[in-house]
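Asks: Contents of upload-v9.pdb (PDB, C-alpha atoms) are below:
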```pdb
ATOM      1  CA  MET Y 150      18.862 -29.539   4.293
ATOM      2  CA  SER Y 151      19.169 -25.842   3.507
ATOM      3  CA  THR Y 152      19.264 -24.820  -0.165
ATOM      4  CA  PRO Y 153      19.806 -21.453  -1.895
ATOM      5  CA  PHE Y 154      16.073 -21.448  -2.618
ATOM      6  CA  ASP Y 155      15.070 -21.720   1.063
ATOM      7  CA  LEU Y 156      13.056 -18.670   2.188
ATOM      8  CA  THR Y 157      12.541 -19.759   5.790
ATOM      9  CA  GLY Y 158      12.501 -16.793   8.152
ATOM     10  CA  ARG Y 159      11.911 -14.232   5.422
ATOM     11  CA  THR Y 160       8.880 -11.995   5.049
ATOM     12  CA  ALA Y 161       7.371 -11.423   1.612
ATOM     13  CA  VAL Y 162       4.821  -8.799   0.616
ATOM     14  CA  VAL Y 163       2.736  -9.801  -2.418
ATOM     15  CA  THR Y 164       0.212  -7.469  -4.040
ATOM     16  CA  GLY Y 165      -2.926  -8.748  -5.701
ATOM     17  CA  ALA Y 166      -2.514 -12.184  -4.155
ATOM     18  CA  GLY Y 167      -6.195 -13.082  -4.018
ATOM     19  CA  ARG Y 168      -6.308 -15.066  -7.236
ATOM     20  CA  GLY Y 169      -4.468 -16.003 -10.401
ATOM     21  CA  LEU Y 170      -0.759 -15.353 -10.669
ATOM     22  CA  GLY Y 171      -0.601 -13.487  -7.355
ATOM     23  CA  GLN Y 172      -2.116 -16.407  -5.486
ATOM     24  CA  GLY Y 173       0.226 -18.836  -7.222
ATOM     25  CA  VAL Y 174       3.274 -16.746  -6.369
ATOM     26  CA  ALA Y 175       2.206 -16.290  -2.745
ATOM     27  CA  LEU Y 176       1.703 -20.030  -2.324
ATOM     28  CA  GLY Y 177       5.053 -20.748  -3.959
ATOM     29  CA  LEU Y 178       6.858 -18.392  -1.597
ATOM     30  CA  ALA Y 179       5.038 -19.919   1.378
ATOM     31  CA  GLU Y 180       5.987 -23.429   0.284
ATOM     32  CA  ALA Y 181       9.607 -22.241   0.130
ATOM     33  CA  GLY Y 182       9.348 -21.127   3.761
ATOM     34  CA  ALA Y 183       8.421 -17.435   3.655
ATOM     35  CA  ASP Y 184       5.814 -15.732   5.793
ATOM     36  CA  LEU Y 185       3.400 -13.613   3.769
ATOM     37  CA  VAL Y 186       1.761 -10.209   3.855
ATOM     38  CA  LEU Y 187      -1.012 -10.120   1.253
ATOM     39  CA  VAL Y 188      -1.822  -6.632  -0.018
ATOM     40  CA  GLY Y 189      -4.932  -5.954  -2.078
ATOM     41  CA  LEU Y 190      -8.552  -4.900  -2.242
ATOM     42  CA  ALA Y 191     -10.665  -5.498   0.845
ATOM     43  CA  GLY Y 192     -12.190  -8.971   0.996
ATOM     44  CA  SER Y 193     -10.249 -10.301  -1.977
ATOM     45  CA  GLN Y 194      -7.536 -12.338  -0.303
ATOM     46  CA  ASP Y 195      -9.202 -14.446   2.385
ATOM     47  CA  GLU Y 196      -8.962 -17.677   0.385
ATOM     48  CA  SER Y 197      -5.243 -17.198  -0.261
ATOM     49  CA  ALA Y 198      -4.617 -16.395   3.398
ATOM     50  CA  LYS Y 199      -6.293 -19.633   4.489
ATOM     51  CA  MET Y 200      -4.278 -21.676   1.993
ATOM     52  CA  ILE Y 201      -1.046 -20.138   3.268
ATOM     53  CA  ALA Y 202      -1.999 -20.660   6.900
ATOM     54  CA  ASP Y 203      -2.737 -24.314   6.100
ATOM     55  CA  LEU Y 204       0.894 -24.595   4.960
ATOM     56  CA  GLY Y 205       1.993 -23.516   8.434
ATOM     57  CA  ARG Y 206       3.283 -20.113   7.365
ATOM     58  CA  GLY Y 207       2.515 -16.797   8.993
ATOM     59  CA  VAL Y 208       0.122 -14.679   6.955
ATOM     60  CA  GLU Y 209      -1.430 -11.228   7.264
ATOM     61  CA  ILE Y 210      -3.895  -9.357   5.065
ATOM     62  CA  VAL Y 211      -3.504  -5.623   4.387
ATOM     63  CA  ASP Y 212      -6.282  -3.822   2.501
ATOM     64  CA  LEU Y 213      -5.067  -1.404  -0.171
ATOM     65  CA  ASP Y 214      -6.323   0.104  -3.410
ATOM     66  CA  MET Y 215      -3.199   0.344  -5.570
ATOM     67  CA  SER Y 216      -4.703   3.214  -7.568
ATOM     68  CA  ASP Y 217      -4.738   5.420  -4.439
ATOM     69  CA  HIS Y 218      -1.139   6.602  -4.464
ATOM     70  CA  ASP Y 219      -1.319   8.443  -1.147
ATOM     71  CA  ALA Y 220      -2.556   5.229   0.467
ATOM     72  CA  VAL Y 221       0.126   3.206  -1.318
ATOM     73  CA  GLN Y 222       2.863   5.424   0.091
ATOM     74  CA  ARG Y 223       1.327   5.391   3.568
ATOM     75  CA  VAL Y 224       0.778   1.633   3.707
ATOM     76  CA  GLY Y 225       4.188   0.984   2.181
ATOM     77  CA  ALA Y 226       5.863   3.114   4.841
ATOM     78  CA  GLU Y 227       3.884   1.366   7.595
ATOM     79  CA  LEU Y 228       4.863  -2.073   6.303
ATOM     80  CA  ALA Y 229       8.507  -1.073   5.990
ATOM     81  CA  SER Y 230       8.683   0.426   9.474
ATOM     82  CA  SER Y 231       6.761  -2.268  11.356
ATOM     83  CA  ARG Y 232       8.718  -5.293  10.127
ATOM     84  CA  GLN Y 233      11.652  -6.300   7.967
ATOM     85  CA  VAL Y 234      10.303  -6.912   4.498
ATOM     86  CA  ASP Y 235      12.798  -9.128   2.706
ATOM     87  CA  ILE Y 236      10.828  -9.639  -0.513
ATOM     88  CA  LEU Y 237       8.346  -7.492  -2.416
ATOM     89  CA  VAL Y 238       6.397  -9.005  -5.295
ATOM     90  CA  ASN Y 239       4.500  -6.418  -7.344
ATOM     91  CA  ASN Y 240       1.745  -8.456  -8.943
ATOM     92  CA  ALA Y 241      -1.413  -6.309  -8.755
ATOM     93  CA  GLY Y 242      -2.565  -5.163 -12.166
ATOM     94  CA  ILE Y 243      -5.528  -4.712 -14.485
ATOM     95  CA  ILE Y 244      -6.130  -4.824 -18.231
ATOM     96  CA  GLU Y 245      -8.787  -3.046 -20.283
ATOM     97  CA  ARG Y 246      -9.381  -4.115 -23.886
ATOM     98  CA  GLU Y 247     -10.722  -1.618 -26.411
ATOM     99  CA  ASP Y 248      -9.852  -0.075 -29.749
ATOM    100  CA  THR Y 249      -7.188   2.577 -29.307
ATOM    101  CA  VAL Y 250      -9.256   5.171 -31.164
ATOM    102  CA  ASP Y 251     -11.924   4.821 -28.462
ATOM    103  CA  LEU Y 252      -9.607   4.850 -25.428
ATOM    104  CA  THR Y 253     -10.635   7.439 -22.826
ATOM    105  CA  PRO Y 254      -8.373   9.306 -20.411
ATOM    106  CA  GLU Y 255     -10.205   7.609 -17.555
ATOM    107  CA  SER Y 256      -9.487   4.127 -18.905
ATOM    108  CA  TRP Y 257      -5.847   4.998 -19.575
ATOM    109  CA  SER Y 258      -5.421   6.338 -16.032
ATOM    110  CA  ARG Y 259      -7.076   3.327 -14.383
ATOM    111  CA  VAL Y 260      -4.558   0.966 -15.950
ATOM    112  CA  VAL Y 261      -1.449   3.108 -15.599
ATOM    113  CA  ASP Y 262      -2.283   4.215 -12.045
ATOM    114  CA  ILE Y 263      -2.324   0.605 -10.806
ATOM    115  CA  ASN Y 264       0.092  -1.202 -13.100
ATOM    116  CA  LEU Y 265       2.834   1.411 -13.147
ATOM    117  CA  SER Y 266       2.473   4.261 -10.676
ATOM    118  CA  GLY Y 267       1.180   2.182  -7.772
ATOM    119  CA  LEU Y 268       3.935  -0.363  -8.385
ATOM    120  CA  PHE Y 269       6.608   2.338  -8.331
ATOM    121  CA  PHE Y 270       5.441   4.089  -5.172
ATOM    122  CA  LEU Y 271       5.146   0.822  -3.239
ATOM    123  CA  SER Y 272       8.593  -0.244  -4.452
ATOM    124  CA  GLN Y 273       9.979   3.109  -3.344
ATOM    125  CA  ALA Y 274       8.438   2.899   0.131
ATOM    126  CA  ILE Y 275       9.448  -0.704   0.812
ATOM    127  CA  GLY Y 276      12.736  -0.462  -1.073
ATOM    128  CA  ARG Y 277      14.037   2.463   0.973
ATOM    129  CA  PRO Y 278      14.804   0.408   4.128
ATOM    130  CA  MET Y 279      16.113  -2.441   1.947
ATOM    131  CA  VAL Y 280      18.720  -0.028   0.591
ATOM    132  CA  GLU Y 281      19.519   1.228   4.083
ATOM    133  CA  ARG Y 282      20.161  -2.233   5.508
ATOM    134  CA  GLY Y 283      21.882  -3.545   2.365
ATOM    135  CA  HIS Y 284      19.625  -6.462   1.468
ATOM    136  CA  GLY Y 285      16.334  -7.111  -0.299
ATOM    137  CA  LYS Y 286      14.542  -8.562  -3.303
ATOM    138  CA  ILE Y 287      11.943  -6.870  -5.486
ATOM    139  CA  VAL Y 288      10.161  -8.897  -8.167
ATOM    140  CA  SER Y 289       7.574  -7.284 -10.445
ATOM    141  CA  ILE Y 290       5.164  -9.091 -12.726
ATOM    142  CA  ALA Y 291       5.572  -7.625 -16.206
ATOM    143  CA  SER Y 292       4.248  -9.298 -19.359
ATOM    144  CA  LEU Y 293       5.174 -10.334 -22.871
ATOM    145  CA  LEU Y 294       3.762  -6.886 -23.632
ATOM    146  CA  ALA Y 295       6.880  -5.444 -22.060
ATOM    147  CA  PHE Y 296       8.410  -6.485 -25.415
ATOM    148  CA  GLN Y 297       5.456  -6.431 -27.815
ATOM    149  CA  GLY Y 298       2.581  -4.089 -28.595
ATOM    150  CA  GLY Y 299      -0.380  -6.412 -28.366
ATOM    151  CA  ILE Y 300      -3.819  -5.721 -29.864
ATOM    152  CA  ARG Y 301      -6.433  -3.417 -28.278
ATOM    153  CA  VAL Y 302      -4.455  -3.143 -25.022
ATOM    154  CA  ILE Y 303      -2.306  -0.060 -25.555
ATOM    155  CA  SER Y 304      -2.523   1.167 -21.944
ATOM    156  CA  TYR Y 305      -1.555  -2.271 -20.640
ATOM    157  CA  ALA Y 306       1.365  -2.525 -23.091
ATOM    158  CA  ALA Y 307       2.580   0.945 -22.136
ATOM    159  CA  SER Y 308       2.369   0.131 -18.427
ATOM    160  CA  LYS Y 309       4.238  -3.172 -18.800
ATOM    161  CA  HIS Y 310       6.967  -1.556 -20.883
ATOM    162  CA  GLY Y 311       7.193   0.876 -17.972
ATOM    163  CA  VAL Y 312       7.487  -1.964 -15.454
ATOM    164  CA  ALA Y 313      10.508  -3.269 -17.357
ATOM    165  CA  GLY Y 314      11.996   0.227 -17.339
ATOM    166  CA  ILE Y 315      11.433   0.712 -13.612
ATOM    167  CA  THR Y 316      12.992  -2.698 -12.971
ATOM    168  CA  LYS Y 317      16.171  -1.779 -14.826
ATOM    169  CA  ALA Y 318      16.394   1.727 -13.379
ATOM    170  CA  LEU Y 319      16.013   0.527  -9.780
ATOM    171  CA  ALA Y 320      18.526  -2.261 -10.389
ATOM    172  CA  ASN Y 321      21.041   0.332 -11.569
ATOM    173  CA  GLU Y 322      20.565   2.475  -8.458
ATOM    174  CA  TRP Y 323      20.057  -0.160  -5.784
ATOM    175  CA  GLY Y 324      22.253  -3.033  -6.945
ATOM    176  CA  GLU Y 325      25.334  -1.659  -5.218
ATOM    177  CA  HIS Y 326      23.333  -1.581  -1.973
ATOM    178  CA  GLY Y 327      22.582  -5.305  -2.054
ATOM    179  CA  VAL Y 328      19.048  -5.020  -3.426
ATOM    180  CA  GLN Y 329      18.189  -7.089  -6.500
ATOM    181  CA  VAL Y 330      15.316  -5.814  -8.626
ATOM    182  CA  ASN Y 331      13.974  -8.111 -11.334
ATOM    183  CA  ALA Y 332      10.763  -8.874 -13.176
ATOM    184  CA  ILE Y 333       8.915 -11.846 -14.603
ATOM    185  CA  ALA Y 334       7.213 -11.616 -17.993
ATOM    186  CA  PRO Y 335       4.489 -14.279 -18.052
ATOM    187  CA  GLY Y 336       3.292 -15.589 -21.365
ATOM    188  CA  TYR Y 337      -0.316 -16.423 -22.082
ATOM    189  CA  MET Y 338      -1.738 -17.618 -18.763
ATOM    190  CA  ALA Y 339      -5.081 -19.197 -17.941
ATOM    191  CA  THR Y 340      -6.203 -16.356 -15.666
ATOM    192  CA  ASP Y 341      -8.986 -13.767 -15.592
ATOM    193  CA  ASN Y 342      -6.897 -11.446 -17.797
ATOM    194  CA  THR Y 343      -7.118 -13.888 -20.708
ATOM    195  CA  THR Y 344     -10.747 -14.968 -20.341
ATOM    196  CA  ALA Y 345     -11.788 -13.047 -23.458
ATOM    197  CA  LEU Y 346      -8.920 -14.506 -25.497
ATOM    198  CA  ARG Y 347      -9.603 -18.073 -24.419
ATOM    199  CA  ALA Y 348     -13.293 -17.632 -25.235
ATOM    200  CA  ASP Y 349     -12.460 -16.499 -28.781
ATOM    201  CA  GLU Y 350     -11.959 -19.740 -30.701
ATOM    202  CA  ASN Y 351      -9.864 -18.186 -33.470
ATOM    203  CA  ARG Y 352      -7.622 -16.125 -31.179
ATOM    204  CA  ALA Y 353      -7.169 -19.019 -28.762
ATOM    205  CA  LYS Y 354      -6.097 -21.354 -31.594
ATOM    206  CA  ALA Y 355      -3.700 -18.785 -33.044
ATOM    207  CA  ILE Y 356      -2.099 -18.270 -29.635
ATOM    208  CA  LEU Y 357      -1.741 -21.967 -28.834
ATOM    209  CA  ASP Y 358      -0.348 -22.690 -32.298
ATOM    210  CA  ARG Y 359       2.556 -20.334 -31.555
ATOM    211  CA  ILE Y 360       3.397 -21.704 -28.087
ATOM    212  CA  PRO Y 361       5.861 -24.618 -28.350
ATOM    213  CA  ALA Y 362       4.614 -26.002 -25.034
ATOM    214  CA  GLY Y 363       1.176 -26.317 -26.615
ATOM    215  CA  ARG Y 364      -0.787 -25.066 -23.620
ATOM    216  CA  TRP Y 365      -1.742 -21.991 -21.614
ATOM    217  CA  GLY Y 366       0.433 -21.282 -18.601
ATOM    218  CA  THR Y 367      -0.759 -21.591 -15.014
ATOM    219  CA  PRO Y 368      -0.012 -19.662 -11.816
ATOM    220  CA  ALA Y 369       2.177 -22.568 -10.679
ATOM    221  CA  ASP Y 370       4.390 -21.983 -13.722
ATOM    222  CA  ILE Y 371       5.219 -18.510 -12.408
ATOM    223  CA  ALA Y 372       5.729 -19.545  -8.772
ATOM    224  CA  GLY Y 373       9.090 -21.241  -9.358
ATOM    225  CA  ALA Y 374      10.502 -18.197 -11.139
ATOM    226  CA  ALA Y 375       9.328 -15.969  -8.293
ATOM    227  CA  VAL Y 376      10.931 -18.210  -5.674
ATOM    228  CA  PHE Y 377      14.208 -18.192  -7.614
ATOM    229  CA  LEU Y 378      14.332 -14.405  -7.979
ATOM    230  CA  SER Y 379      13.362 -13.967  -4.312
ATOM    231  CA  SER Y 380      16.079 -16.301  -3.044
ATOM    232  CA  SER Y 381      19.815 -16.122  -2.490
ATOM    233  CA  ALA Y 382      20.187 -18.280  -5.610
ATOM    234  CA  ALA Y 383      19.548 -15.062  -7.569
ATOM    235  CA  ASP Y 384      21.934 -12.774  -5.664
ATOM    236  CA  TYR Y 385      23.821 -11.973  -8.888
ATOM    237  CA  VAL Y 386      20.696 -11.572 -11.034
ATOM    238  CA  ASN Y 387      19.721  -7.909 -11.275
ATOM    239  CA  GLY Y 388      17.744  -5.799 -13.709
ATOM    240  CA  HIS Y 389      16.534  -8.868 -15.591
ATOM    241  CA  VAL Y 390      13.105  -9.526 -17.097
ATOM    242  CA  LEU Y 391      12.663 -13.307 -16.989
ATOM    243  CA  VAL Y 392      10.290 -14.583 -19.653
ATOM    244  CA  VAL Y 393       8.111 -17.550 -18.623
ATOM    245  CA  ASP Y 394       6.059 -18.179 -21.737
ATOM    246  CA  GLY Y 395       6.218 -21.821 -22.841
ATOM    247  CA  GLY Y 396       8.479 -20.733 -25.694
ATOM    248  CA  TRP Y 397       6.281 -18.000 -27.241
ATOM    249  CA  MET Y 398       9.157 -15.533 -27.697
ATOM    250  CA  ALA Y 399      11.291 -18.204 -29.358
ATOM    251  CA  ARG Y 400       8.934 -18.355 -32.350
TER     252      ARG Y 400
END
```
Give the structure from the file, written as structure tokens.
Replies:
Amino acid sequence: MSTPFDLTGRTAVVTGAGRGLGQGVALGLAEAGADLVLVGLAGSQDESAKMIADLGRGVEIVDLDMSDHDAVQRVGAELASSRQVDILVNNAGIIEREDTVDLTPESWSRVVDINLSGLFFLSQAIGRPMVERGHGKIVSIASLLAFQGGIRVISYAASKHGVAGITKALANEWGEHGVQVNAIAPGYMATDNTTALRADENRAKAILDRIPAGRWGTPADIAGAAVFLSSSAADYVNGHVLVVDGGWMAR
């Protein structure tokens, strides 16, 4: 029986889907019926593609370095012109931890170029035909650091604040054209980005003590939120940053 969460017949582009949250989101969309285009660094997404194919969904891999903005615009235009992209999930991102007094321009640019600029230019390229045809969903992966400053991650915090801003600005412009633009702010997840935190006994305890759920999140915890925001169940949700954090922000 069809439900508002059914994505059968829709095509979703997911960036950085080779592991972690991106893999979890891609699998969640596939389980909801979508066919997938996985966009990321060469050789990084073969495992995810096999898992999606095993679910009986169509899947394609597209190699792209999100820090190469010319390539992002070119690949985005090719994807948008060669098929109807119904859903774009901007997940690709990096984090670099260091004291702010030691931050170099190169480190700042690496993070912002991928997390913010690459995200915007891909959203622009794929969003353009969504606006023209009057339908589409864009979901970006933000962070709790879209609301907080964090420690030793100033470039990441700045980029994720920017993701929230882009989400709201695009929602304002594109909402009247039938395109919903939202974001998900994951809490503390058991992924590569938090390896250093989980390895630090004191930091890990302090983090878990604040989370009412009492555990680190998993990619599967994000998948349901992504399916919701990508589906017709969220047709009147626009410009929202949905926190999925086990209750962290409630403390």
Asks: Quick one, how far is atom CA of Ser266 of chain Y from atom CA of Ala313 of chain Y?
Replies: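 These atoms are spaced 12.9 Å apart.
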Asks: Could you tell me, as a VMD selection string, exactly which residues end up selected when the PyMOL selection byres ((chain Y and resi 272) around 10) is applied to this structure?
Replies: chain Y and resid 221 to 222 225 237 to 239 266 to 271 273 to 277 287 to 289 315 to 316 319 330
Asks: Would you output that residue set with C-alpha atoms, as a compact mmCIF listing (two decimals), keeping the file's coordinate frame?
Replies:
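Saved as part27.txt:
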```
# COMPACT_ATOMS: atom_id res chain seq x y z
CA VAL Y 221 0.13 3.21 -1.32
CA GLN Y 222 2.86 5.42 0.09
CA GLY Y 225 4.19 0.98 2.18
CA LEU Y 237 8.35 -7.49 -2.42
CA VAL Y 238 6.40 -9.01 -5.30
CA ASN Y 239 4.50 -6.42 -7.34
CA SER Y 266 2.47 4.26 -10.68
CA GLY Y 267 1.18 2.18 -7.77
CA LEU Y 268 3.94 -0.36 -8.38
CA PHE Y 269 6.61 2.34 -8.33
CA PHE Y 270 5.44 4.09 -5.17
CA LEU Y 271 5.15 0.82 -3.24
CA GLN Y 273 9.98 3.11 -3.34
CA ALA Y 274 8.44 2.90 0.13
CA ILE Y 275 9.45 -0.70 0.81
CA GLY Y 276 12.74 -0.46 -1.07
CA ARG Y 277 14.04 2.46 0.97
CA ILE Y 287 11.94 -6.87 -5.49
CA VAL Y 288 10.16 -8.90 -8.17
CA SER Y 289 7.57 -7.28 -10.44
CA ILE Y 315 11.43 0.71 -13.61
CA THR Y 316 12.99 -2.70 -12.97
CA LEU Y 319 16.01 0.53 -9.78
CA VAL Y 330 15.32 -5.81 -8.63
```
Asks: Which residues, written as a VMD selection string, have at least one atom at most 7 Å from Glu245 of chain Y, with all atoms listed in the file counted and residues fewer than 2 positions away on the same chain left out?
Replies: chain Y and resid 243 247 302
Asks: Given the file above and the PyMOL selection byres ((chain Y and resi 151-167) around 8), which residues are selected, and can you give them as an MDAnalysis selection string?
Replies: chainID Y and resid 150 168:175 178 181:190 193:197 233:242 376:377 380:382
Asks: Just to confirm, what's the straight-line distance from atom CA of Trp323 of chain Y to atom CA of Met279 of chain Y in Å (one decimal)?
Replies: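 Answer for the atom CA of Trp323 of chain Y to atom CA of Met279 of chain Y separation: 9.0 Å.
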Asks: Smallest atom-to-atom distance to Asn321 of chain Y: which of Y:Ala191, Y:Leu378, Y:His389, Y:Leu252, using all atoms listed in the file?
Replies: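 When distances to Asn321 of chain Y are compared using all atoms listed in the file, the smallest one comes from Y:His389.
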